[in-house]
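Undergrad: Sharing a structure, written as structure tokens. Questions coming.
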Amino acid sequence: MALKFFDAELQEDFDNIPEWRKFQMKKRFAFAEQLRLTLKEKGISQKEFSGMLDKSESEISKWLSGFHNFTKDTESLIEYCLGVDLSVLVKDIRPEIVYLFALSEQHQSNAVHVKIDDDLSELNITTTTTVSANSSSVFKHLVISN
Amino acid sequence: MNRKTITITLIGEGDNVAFYTFTFEGEEHSELAKFKSAYRKSEFKEEYQDILLAISIIGDHTANKIHFRPCSALKDNVMALPGKEEENVEIKAKRLKEDDLRVLRLYCITLTDNIVILGNGGIKSTETYNEDPILNEYVEILLAIDKKLTEKEFSSVGKELKGNLKFEIQWH
């Protein structure tokens with residue numbers, strides 16, 4: 001996300017939002033984008049779509065805003081009615097999982113953060129253990145056993 | 001009739017959308033700053049964060065009206081950014097049972113697909129914003145600004161709003 005606020009507190013507030021929540025919002029937006037695209041491709045108007053699902057047009061507007069929190073059941077219902085798998089595009093939205101490497105407790109200062117797309121083989125990692133998810137960011141702890 | 005002078009300033013910028021806000025003459029804080037101060041550490045902090053997330057995503061895509069909630073049936077550009085959109089049936093039922101209809105709204109003007117003017121907002125606990133005198137005034141102020149901005153005294157090139165960004169508005 002490239003947005004910059006020219007107000008230090010607003011920027012701080014945005015930066016402090018947990019990464020997993022940013023990821024959730026991106027997924028919601030991507031799902032709605034895919035839904036809009038599919039309706040357009042199939043030539044189905046918002047009104048027709050609301051009729052197909054027996055929902056109000058204002059409800060469909062909320063869905064298409066990009067910020068609606070769909071339940072799995074609603075997602076399935078939409079996919080069933082449209083006969084498509086809307087999650088295909090959404091799968092391209094991947095979390096920016098950060099791997100935290102720690103050689104040992106004594107060497108915490110040597111810990112490095114690596115993004116998911118980095119080539120782990122170059123870092124000579126042999127053993128991986130997923131430990132926990134941090135509240136402010138999705139972490140995977142990869143512990144190297146020497 | 002209320003009459004005040006405002007100054008519009010740039011407050012944030014994404015890849016495709018610029019966000020402006022405005023400050024009343026003689027006041028230190030912009031309307032968006034007032035909204036921020038009221039909610040950043042409140043019980044509505046999560047909804048405040050959701051609004052920031054929505055601004056961020058819109059900033060990188062487009063300020064097409066589809067991403068906003070219309071405020072009225074009128075053909076104006078005044079819209080709302082919602083906080084949390086909850087579909088969880090149990091939470092919805094619990095809130096209905098407790099008669100808790102409170103949601104956080106930030107009101108704004110979607111001037112073009114590239115320019116949004118963010119105003120003030122608050123907790124909407126009524127069916128419509130105009131049942132709440134405070135929220136109603138926030139929207140009336142934005143309607144007055146929208147009217148001025150669409151009187152062709154201003155122009156925009158991409159994300160840039162051009163013209164004299166200090167002017168007087170009137171509202172009821």
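Residues in the structure tokens are numbered from 1 in each chain, the chains being A, B, ... in the order shown, and ligands are numbered from 1 in the order shown.
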Near Leu32 in chain B, counting only C-alpha atoms, which residues have an atom at most 12 Å away, once you skip same-chain residues fewer than 4 positions from it, shown as a PyMOL selection string?
TA: (chain A and resi 5-7+9-10) or (chain B and resi 8-12+19-24+28+36-40+48+51-52+105-108+117-122+138)
Undergrad: How would the residues just picked look written out with N, CA, C and O atoms as a CSV table (one decimal), in the first residue's frame?
TA:
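Contents of result_38.csv, as written:
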chain,number,residue,atom,x,y,z
A,5,PHE,N,0.1,9.6,4.4
A,5,PHE,CA,-0.7,10.6,5.0
A,5,PHE,C,0.3,11.8,5.4
A,5,PHE,O,1.4,11.5,5.9
A,6,PHE,N,-0.1,13.0,5.1
A,6,PHE,CA,0.8,14.1,5.5
A,6,PHE,C,0.4,14.6,6.9
A,6,PHE,O,0.2,15.8,7.1
A,7,ASP,N,0.2,13.7,7.8
A,7,ASP,CA,-0.2,14.0,9.1
A,7,ASP,C,0.4,12.9,9.9
A,7,ASP,O,0.1,11.7,9.7
A,9,GLU,N,0.3,11.7,12.9
A,9,GLU,CA,-0.5,10.8,13.7
A,9,GLU,C,-1.4,9.8,12.9
A,9,GLU,O,-1.5,8.7,13.2
A,10,LEU,N,-1.9,10.4,11.8
A,10,LEU,CA,-2.7,9.5,10.9
A,10,LEU,C,-1.8,8.4,10.3
A,10,LEU,O,-2.2,7.3,10.2
B,8,ILE,N,-8.9,24.4,2.0
B,8,ILE,CA,-8.7,23.0,1.7
B,8,ILE,C,-7.2,22.7,1.5
B,8,ILE,O,-6.5,23.4,0.9
B,9,THR,N,-6.8,21.6,2.2
B,9,THR,CA,-5.4,21.2,2.1
B,9,THR,C,-5.2,19.7,1.8
B,9,THR,O,-6.1,18.9,2.2
B,10,LEU,N,-4.1,19.4,1.2
B,10,LEU,CA,-3.8,18.0,0.9
B,10,LEU,C,-3.4,17.2,2.2
B,10,LEU,O,-2.6,17.7,2.9
B,11,ILE,N,-4.0,16.1,2.4
B,11,ILE,CA,-3.8,15.3,3.7
B,11,ILE,C,-3.2,14.0,3.4
B,11,ILE,O,-2.5,13.4,4.3
B,12,GLY,N,-3.3,13.4,2.2
B,12,GLY,CA,-2.8,12.1,1.9
B,12,GLY,C,-2.8,11.8,0.5
B,12,GLY,O,-3.6,12.4,-0.3
B,19,PHE,N,-6.2,12.7,-1.3
B,19,PHE,CA,-7.2,13.0,-0.2
B,19,PHE,C,-6.9,14.4,0.4
B,19,PHE,O,-5.8,14.7,0.8
B,20,TYR,N,-7.9,15.2,0.4
B,20,TYR,CA,-7.8,16.6,0.9
B,20,TYR,C,-8.7,16.6,2.1
B,20,TYR,O,-9.6,15.8,2.3
B,21,THR,N,-8.5,17.6,3.0
B,21,THR,CA,-9.4,17.9,4.1
B,21,THR,C,-9.6,19.4,4.1
B,21,THR,O,-9.0,20.1,3.3
B,22,PHE,N,-10.3,20.0,5.1
B,22,PHE,CA,-10.4,21.4,5.2
B,22,PHE,C,-10.4,21.9,6.6
B,22,PHE,O,-10.8,21.1,7.5
B,23,THR,N,-10.1,23.1,6.8
B,23,THR,CA,-10.0,23.7,8.1
B,23,THR,C,-10.8,25.0,8.1
B,23,THR,O,-10.7,25.8,7.2
B,24,PHE,N,-11.6,25.3,9.1
B,24,PHE,CA,-12.3,26.5,9.3
B,24,PHE,C,-11.4,27.6,9.7
B,24,PHE,O,-10.5,27.4,10.5
B,28,GLU,N,-7.5,25.7,14.6
B,28,GLU,CA,-6.2,25.1,14.5
B,28,GLU,C,-6.2,23.7,13.8
B,28,GLU,O,-5.3,23.4,13.0
B,36,LYS,N,-10.0,12.2,13.7
B,36,LYS,CA,-8.9,11.4,14.2
B,36,LYS,C,-8.8,11.5,15.7
B,36,LYS,O,-8.7,10.4,16.4
B,37,SER,N,-8.8,12.7,16.3
B,37,SER,CA,-8.6,12.8,17.7
B,37,SER,C,-9.7,12.2,18.5
B,37,SER,O,-9.5,11.7,19.6
B,38,ALA,N,-10.9,12.2,17.9
B,38,ALA,CA,-12.1,11.7,18.7
B,38,ALA,C,-12.1,10.2,18.7
B,38,ALA,O,-12.6,9.6,19.6
B,39,TYR,N,-11.5,9.5,17.7
B,39,TYR,CA,-11.7,8.1,17.5
B,39,TYR,C,-10.5,7.2,17.6
B,39,TYR,O,-10.6,6.0,17.7
B,40,ARG,N,-9.3,7.8,17.4
B,40,ARG,CA,-8.1,6.9,17.3
B,40,ARG,C,-7.9,6.1,18.6
B,40,ARG,O,-7.3,5.0,18.5
B,48,TYR,N,-12.3,2.9,13.2
B,48,TYR,CA,-11.5,4.0,12.8
B,48,TYR,C,-10.3,3.4,11.9
B,48,TYR,O,-10.1,3.9,10.8
B,51,ILE,N,-11.6,2.4,8.5
B,51,ILE,CA,-11.8,3.6,7.6
B,51,ILE,C,-10.4,4.0,7.0
B,51,ILE,O,-10.3,4.2,5.8
B,52,LEU,N,-9.4,3.9,7.8
B,52,LEU,CA,-8.0,4.2,7.3
B,52,LEU,C,-7.6,3.2,6.2
B,52,LEU,O,-7.0,3.5,5.2
B,105,ARG,N,-18.9,6.5,11.0
B,105,ARG,CA,-19.0,7.0,9.6
B,105,ARG,C,-18.0,8.2,9.4
B,105,ARG,O,-18.0,9.1,10.3
B,106,LEU,N,-17.3,8.2,8.3
B,106,LEU,CA,-16.5,9.4,8.0
B,106,LEU,C,-17.2,10.0,6.7
B,106,LEU,O,-17.3,9.2,5.7
B,107,TYR,N,-17.5,11.2,6.7
B,107,TYR,CA,-18.2,11.8,5.5
B,107,TYR,C,-17.2,12.5,4.6
B,107,TYR,O,-16.1,13.0,5.1
B,108,CYS,N,-17.5,12.4,3.3
B,108,CYS,CA,-16.5,13.0,2.4
B,108,CYS,C,-17.2,13.4,1.1
B,108,CYS,O,-18.3,13.1,0.9
B,117,ILE,N,-12.4,14.7,-0.8
B,117,ILE,CA,-12.2,15.6,0.3
B,117,ILE,C,-12.9,15.0,1.5
B,117,ILE,O,-14.1,14.7,1.6
B,118,LEU,N,-12.0,14.8,2.5
B,118,LEU,CA,-12.5,14.1,3.8
B,118,LEU,C,-12.9,15.2,4.8
B,118,LEU,O,-12.2,16.2,5.0
B,119,GLY,N,-14.1,15.0,5.3
B,119,GLY,CA,-14.6,15.9,6.3
B,119,GLY,C,-14.5,15.3,7.7
B,119,GLY,O,-13.6,14.6,8.1
B,120,ASN,N,-15.6,15.6,8.5
B,120,ASN,CA,-15.6,15.0,9.8
B,120,ASN,C,-16.6,13.9,9.8
B,120,ASN,O,-17.3,13.6,8.8
B,121,GLY,N,-16.8,13.2,10.9
B,121,GLY,CA,-17.7,12.1,11.0
B,121,GLY,C,-18.0,11.7,12.4
B,121,GLY,O,-17.6,12.4,13.4
B,122,GLY,N,-18.7,10.6,12.6
B,122,GLY,CA,-19.0,10.2,14.0
B,122,GLY,C,-19.8,8.9,14.1
B,122,GLY,O,-19.9,8.2,13.1
B,138,TYR,N,-22.3,18.0,9.7
B,138,TYR,CA,-21.1,17.6,8.9
B,138,TYR,C,-21.5,17.4,7.4
B,138,TYR,O,-20.7,17.8,6.6
Undergrad: Go through chain B residue by residue and, counting only C-alpha atoms, keep those with an atom at most 10 Å from chain A; for each kept residue give the shortest atom pair and its distance in Å to one decimal, ordered by chain and increasing number, as JSON lines.
TA:
{"residue": "B:Thr9", "atom": "CA", "partner": "A:Phe6", "partner_atom": "CA", "distance": 10.0}
{"residue": "B:Leu10", "atom": "CA", "partner": "A:Phe6", "partner_atom": "CA", "distance": 7.5}
{"residue": "B:Ile11", "atom": "CA", "partner": "A:Phe6", "partner_atom": "CA", "distance": 5.0}
{"residue": "B:Gly12", "atom": "CA", "partner": "A:Phe5", "partner_atom": "CA", "distance": 4.0}
{"residue": "B:Glu13", "atom": "CA", "partner": "A:Lys4", "partner_atom": "CA", "distance": 5.4}
{"residue": "B:Gly14", "atom": "CA", "partner": "A:Leu3", "partner_atom": "CA", "distance": 4.0}
{"residue": "B:Asp15", "atom": "CA", "partner": "A:Ala2", "partner_atom": "CA", "distance": 6.4}
{"residue": "B:Asn16", "atom": "CA", "partner": "A:Leu3", "partner_atom": "CA", "distance": 9.3}
{"residue": "B:Val17", "atom": "CA", "partner": "A:Leu3", "partner_atom": "CA", "distance": 8.9}
{"residue": "B:Ala18", "atom": "CA", "partner": "A:Leu3", "partner_atom": "CA", "distance": 9.1}
{"residue": "B:Phe19", "atom": "CA", "partner": "A:Phe5", "partner_atom": "CA", "distance": 8.7}
{"residue": "B:Leu32", "atom": "CA", "partner": "A:Leu10", "partner_atom": "CA", "distance": 9.6}
{"residue": "B:Ala33", "atom": "CA", "partner": "A:Leu10", "partner_atom": "CA", "distance": 8.4}
{"residue": "B:Lys36", "atom": "CA", "partner": "A:Leu10", "partner_atom": "CA", "distance": 7.3}
{"residue": "B:Ser37", "atom": "CA", "partner": "A:Glu9", "partner_atom": "CA", "distance": 9.2}
{"residue": "B:Arg40", "atom": "CA", "partner": "A:Asp13", "partner_atom": "CA", "distance": 7.4}
{"residue": "B:Lys41", "atom": "CA", "partner": "A:Asp13", "partner_atom": "CA", "distance": 9.7}
{"residue": "B:Lys45", "atom": "CA", "partner": "A:Asp13", "partner_atom": "CA", "distance": 9.7}
{"residue": "B:Glu46", "atom": "CA", "partner": "A:Ile17", "partner_atom": "CA", "distance": 8.9}
{"residue": "B:Tyr48", "atom": "CA", "partner": "A:Asp13", "partner_atom": "CA", "distance": 9.2}
{"residue": "B:Gln49", "atom": "CA", "partner": "A:Ile17", "partner_atom": "CA", "distance": 6.7}
{"residue": "B:Asp50", "atom": "CA", "partner": "A:Met25", "partner_atom": "CA", "distance": 8.2}
{"residue": "B:Ile51", "atom": "CA", "partner": "A:Phe67", "partner_atom": "CA", "distance": 9.6}
{"residue": "B:Leu52", "atom": "CA", "partner": "A:Phe14", "partner_atom": "CA", "distance": 6.4}
{"residue": "B:Leu53", "atom": "CA", "partner": "A:Lys22", "partner_atom": "CA", "distance": 6.7}
{"residue": "B:Ala54", "atom": "CA", "partner": "A:Phe67", "partner_atom": "CA", "distance": 7.1}
{"residue": "B:Ile55", "atom": "CA", "partner": "A:Leu3", "partner_atom": "CA", "distance": 8.3}
{"residue": "B:Ser56", "atom": "CA", "partner": "A:Leu3", "partner_atom": "CA", "distance": 5.5}
{"residue": "B:Ile57", "atom": "CA", "partner": "A:Met1", "partner_atom": "CA", "distance": 7.2}
{"residue": "B:Ile58", "atom": "CA", "partner": "A:Leu3", "partner_atom": "CA", "distance": 9.2}
{"residue": "B:Gly59", "atom": "CA", "partner": "A:Leu3", "partner_atom": "CA", "distance": 6.1}
{"residue": "B:Asp60", "atom": "CA", "partner": "A:Ala2", "partner_atom": "CA", "distance": 6.8}
{"residue": "B:Asn64", "atom": "CA", "partner": "A:Ser65", "partner_atom": "CA", "distance": 9.5}
{"residue": "B:Lys65", "atom": "CA", "partner": "A:Ser65", "partner_atom": "CA", "distance": 8.5}
{"residue": "B:Ile66", "atom": "CA", "partner": "A:Ser65", "partner_atom": "CA", "distance": 5.4}
{"residue": "B:His67", "atom": "CA", "partner": "A:Ser65", "partner_atom": "CA", "distance": 4.1}
{"residue": "B:Phe68", "atom": "CA", "partner": "A:Ser65", "partner_atom": "CA", "distance": 6.5}
{"residue": "B:Arg69", "atom": "CA", "partner": "A:Lys62", "partner_atom": "CA", "distance": 7.8}
{"residue": "B:Pro70", "atom": "CA", "partner": "A:Ser61", "partner_atom": "CA", "distance": 10.0}
{"residue": "B:Leu81", "atom": "CA", "partner": "A:Phe67", "partner_atom": "CA", "distance": 9.7}
{"residue": "B:Pro82", "atom": "CA", "partner": "A:Phe67", "partner_atom": "CA", "distance": 8.5}
{"residue": "B:Gly83", "atom": "CA", "partner": "A:Phe67", "partner_atom": "CA", "distance": 9.0}
{"residue": "B:Lys84", "atom": "CA", "partner": "A:His68", "partner_atom": "CA", "distance": 8.1}
{"residue": "B:Glu85", "atom": "CA", "partner": "A:His68", "partner_atom": "CA", "distance": 5.3}
{"residue": "B:Glu86", "atom": "CA", "partner": "A:Asn69", "partner_atom": "CA", "distance": 5.9}
{"residue": "B:Glu87", "atom": "CA", "partner": "A:Asn69", "partner_atom": "CA", "distance": 6.0}
{"residue": "B:Asn88", "atom": "CA", "partner": "A:Thr71", "partner_atom": "CA", "distance": 6.8}
{"residue": "B:Val89", "atom": "CA", "partner": "A:Thr71", "partner_atom": "CA", "distance": 9.0}
Undergrad: Write the residues of the selection above to a file with N, CA and C atoms, as a short mmCIF file (atom, residue, chain, number, x, y, z; two decimals), in the first residue's frame.
TA:
data_model
loop_
_atom_site.label_atom_id
_atom_site.label_comp_id
_atom_site.auth_asym_id
_atom_site.auth_seq_id
_atom_site.Cartn_x
_atom_site.Cartn_y
_atom_site.Cartn_z
N THR B 9 -6.78 21.59 2.18
CA THR B 9 -5.36 21.20 2.08
C THR B 9 -5.23 19.70 1.80
N LEU B 10 -4.12 19.36 1.19
CA LEU B 10 -3.83 17.95 0.89
C LEU B 10 -3.45 17.24 2.18
N ILE B 11 -4.05 16.05 2.42
CA ILE B 11 -3.76 15.34 3.67
C ILE B 11 -3.17 13.96 3.43
N GLY B 12 -3.35 13.43 2.23
CA GLY B 12 -2.79 12.11 1.94
C GLY B 12 -2.84 11.82 0.45
N GLU B 13 -1.99 10.91 0.02
CA GLU B 13 -1.93 10.62 -1.41
C GLU B 13 -1.57 9.17 -1.66
N GLY B 14 -2.37 8.52 -2.50
CA GLY B 14 -2.06 7.16 -2.92
C GLY B 14 -1.62 7.16 -4.36
N ASP B 15 -1.48 5.97 -4.95
CA ASP B 15 -1.04 5.89 -6.35
C ASP B 15 -2.01 6.62 -7.30
N ASN B 16 -3.29 6.51 -7.01
CA ASN B 16 -4.29 7.05 -7.95
C ASN B 16 -5.22 8.10 -7.39
N VAL B 17 -5.23 8.25 -6.08
CA VAL B 17 -6.19 9.18 -5.47
C VAL B 17 -5.50 10.08 -4.44
N ALA B 18 -5.86 11.38 -4.50
CA ALA B 18 -5.36 12.33 -3.49
C ALA B 18 -6.50 12.64 -2.53
N PHE B 19 -6.17 12.73 -1.26
CA PHE B 19 -7.17 13.02 -0.22
C PHE B 19 -6.89 14.41 0.37
N LEU B 32 -10.73 16.57 9.48
CA LEU B 32 -10.26 15.19 9.58
C LEU B 32 -9.45 14.99 10.88
N ALA B 33 -8.69 16.00 11.25
CA ALA B 33 -7.91 15.92 12.49
C ALA B 33 -8.83 15.80 13.70
N LYS B 36 -10.02 12.24 13.74
CA LYS B 36 -8.91 11.40 14.22
C LYS B 36 -8.79 11.47 15.74
N SER B 37 -8.76 12.68 16.27
CA SER B 37 -8.60 12.85 17.72
C SER B 37 -9.73 12.21 18.50
N ARG B 40 -9.33 7.77 17.43
CA ARG B 40 -8.12 6.93 17.31
C ARG B 40 -7.86 6.11 18.57
N LYS B 41 -8.31 6.59 19.72
CA LYS B 41 -8.09 5.83 20.95
C LYS B 41 -9.40 5.53 21.66
N LYS B 45 -11.95 2.29 17.96
CA LYS B 45 -10.63 2.31 17.34
C LYS B 45 -10.55 1.37 16.11
N GLU B 46 -11.13 0.18 16.25
CA GLU B 46 -11.07 -0.77 15.13
C GLU B 46 -11.80 -0.24 13.90
N TYR B 48 -12.30 2.89 13.25
CA TYR B 48 -11.45 4.00 12.76
C TYR B 48 -10.33 3.42 11.88
N GLN B 49 -9.76 2.32 12.32
CA GLN B 49 -8.70 1.69 11.52
C GLN B 49 -9.25 1.16 10.20
N ASP B 50 -10.47 0.60 10.24
CA ASP B 50 -11.08 0.11 9.00
C ASP B 50 -11.25 1.24 7.99
N ILE B 51 -11.60 2.41 8.50
CA ILE B 51 -11.76 3.57 7.61
C ILE B 51 -10.41 3.97 7.01
N LEU B 52 -9.36 3.94 7.82
CA LEU B 52 -8.02 4.23 7.29
C LEU B 52 -7.62 3.20 6.23
N LEU B 53 -7.98 1.93 6.47
CA LEU B 53 -7.67 0.88 5.50
C LEU B 53 -8.43 1.11 4.20
N ALA B 54 -9.69 1.51 4.32
CA ALA B 54 -10.49 1.78 3.13
C ALA B 54 -9.88 2.94 2.34
N ILE B 55 -9.46 3.98 3.06
CA ILE B 55 -8.82 5.13 2.40
C ILE B 55 -7.56 4.66 1.66
N SER B 56 -6.82 3.80 2.33
CA SER B 56 -5.57 3.32 1.73
C SER B 56 -5.82 2.53 0.45
N ILE B 57 -6.81 1.64 0.48
CA ILE B 57 -7.10 0.82 -0.71
C ILE B 57 -7.66 1.69 -1.83
N ILE B 58 -8.56 2.58 -1.48
CA ILE B 58 -9.12 3.49 -2.49
C ILE B 58 -7.98 4.33 -3.09
N GLY B 59 -7.06 4.77 -2.24
CA GLY B 59 -5.93 5.58 -2.70
C GLY B 59 -5.10 4.91 -3.77
N ASP B 60 -5.01 3.61 -3.70
CA ASP B 60 -4.22 2.87 -4.69
C ASP B 60 -5.05 2.41 -5.88
N ASN B 64 -13.94 5.72 -7.24
CA ASN B 64 -15.25 5.49 -7.84
C ASN B 64 -16.31 5.40 -6.74
N LYS B 65 -17.46 5.98 -7.00
CA LYS B 65 -18.51 6.04 -5.96
C LYS B 65 -18.94 4.67 -5.46
N ILE B 66 -18.68 3.65 -6.22
CA ILE B 66 -19.10 2.30 -5.81
C ILE B 66 -18.45 1.90 -4.47
N HIS B 67 -17.31 2.51 -4.16
CA HIS B 67 -16.61 2.14 -2.92
C HIS B 67 -17.10 2.91 -1.69
N PHE B 68 -18.05 3.81 -1.91
CA PHE B 68 -18.54 4.65 -0.81
C PHE B 68 -20.03 4.40 -0.59
N ARG B 69 -20.51 4.86 0.56
CA ARG B 69 -21.95 4.80 0.85
C ARG B 69 -22.59 6.12 0.47
N PRO B 70 -23.62 6.11 -0.34
CA PRO B 70 -24.28 7.38 -0.64
C PRO B 70 -24.95 7.93 0.63
N LEU B 81 -17.75 6.93 4.32
CA LEU B 81 -16.90 5.75 4.41
C LEU B 81 -17.30 5.02 5.68
N PRO B 82 -17.69 3.76 5.55
CA PRO B 82 -18.13 3.03 6.74
C PRO B 82 -16.98 2.41 7.50
N GLY B 83 -17.22 2.20 8.78
CA GLY B 83 -16.28 1.41 9.56
C GLY B 83 -16.58 -0.05 9.28
N LYS B 84 -16.47 -0.87 10.27
CA LYS B 84 -16.63 -2.32 10.11
C LYS B 84 -17.97 -2.69 9.48
N GLU B 85 -17.91 -3.53 8.46
CA GLU B 85 -19.11 -4.07 7.84
C GLU B 85 -19.25 -5.50 8.32
N GLU B 86 -20.15 -5.71 9.26
CA GLU B 86 -20.23 -7.03 9.90
C GLU B 86 -21.34 -7.88 9.32
N GLU B 87 -20.98 -9.07 8.86
CA GLU B 87 -22.02 -9.94 8.34
C GLU B 87 -22.27 -11.13 9.25
N ASN B 88 -21.41 -11.24 10.24
CA ASN B 88 -21.55 -12.35 11.17
C ASN B 88 -22.94 -12.31 11.81
N VAL B 89 -23.72 -13.35 11.55
CA VAL B 89 -25.13 -13.37 11.96
C VAL B 89 -25.28 -13.25 13.47
#
Undergrad: Using DSSP on the backbone coordinates, identify the residues of chain B assigned to alpha helix (DSSP H); present them as an NGL selection string.
TA: :B and (31-39 or 45-60 or 89-97 or 133-149)
Undergrad: When DSSP works through the backbone of this structure, what residues of chain B end up as strand (DSSP E), shown as a PyMOL selection string?
TA: chain B and resi 2-13+18-24+69-70+78-82+103-110+115-124+155-157+160-162+166-171
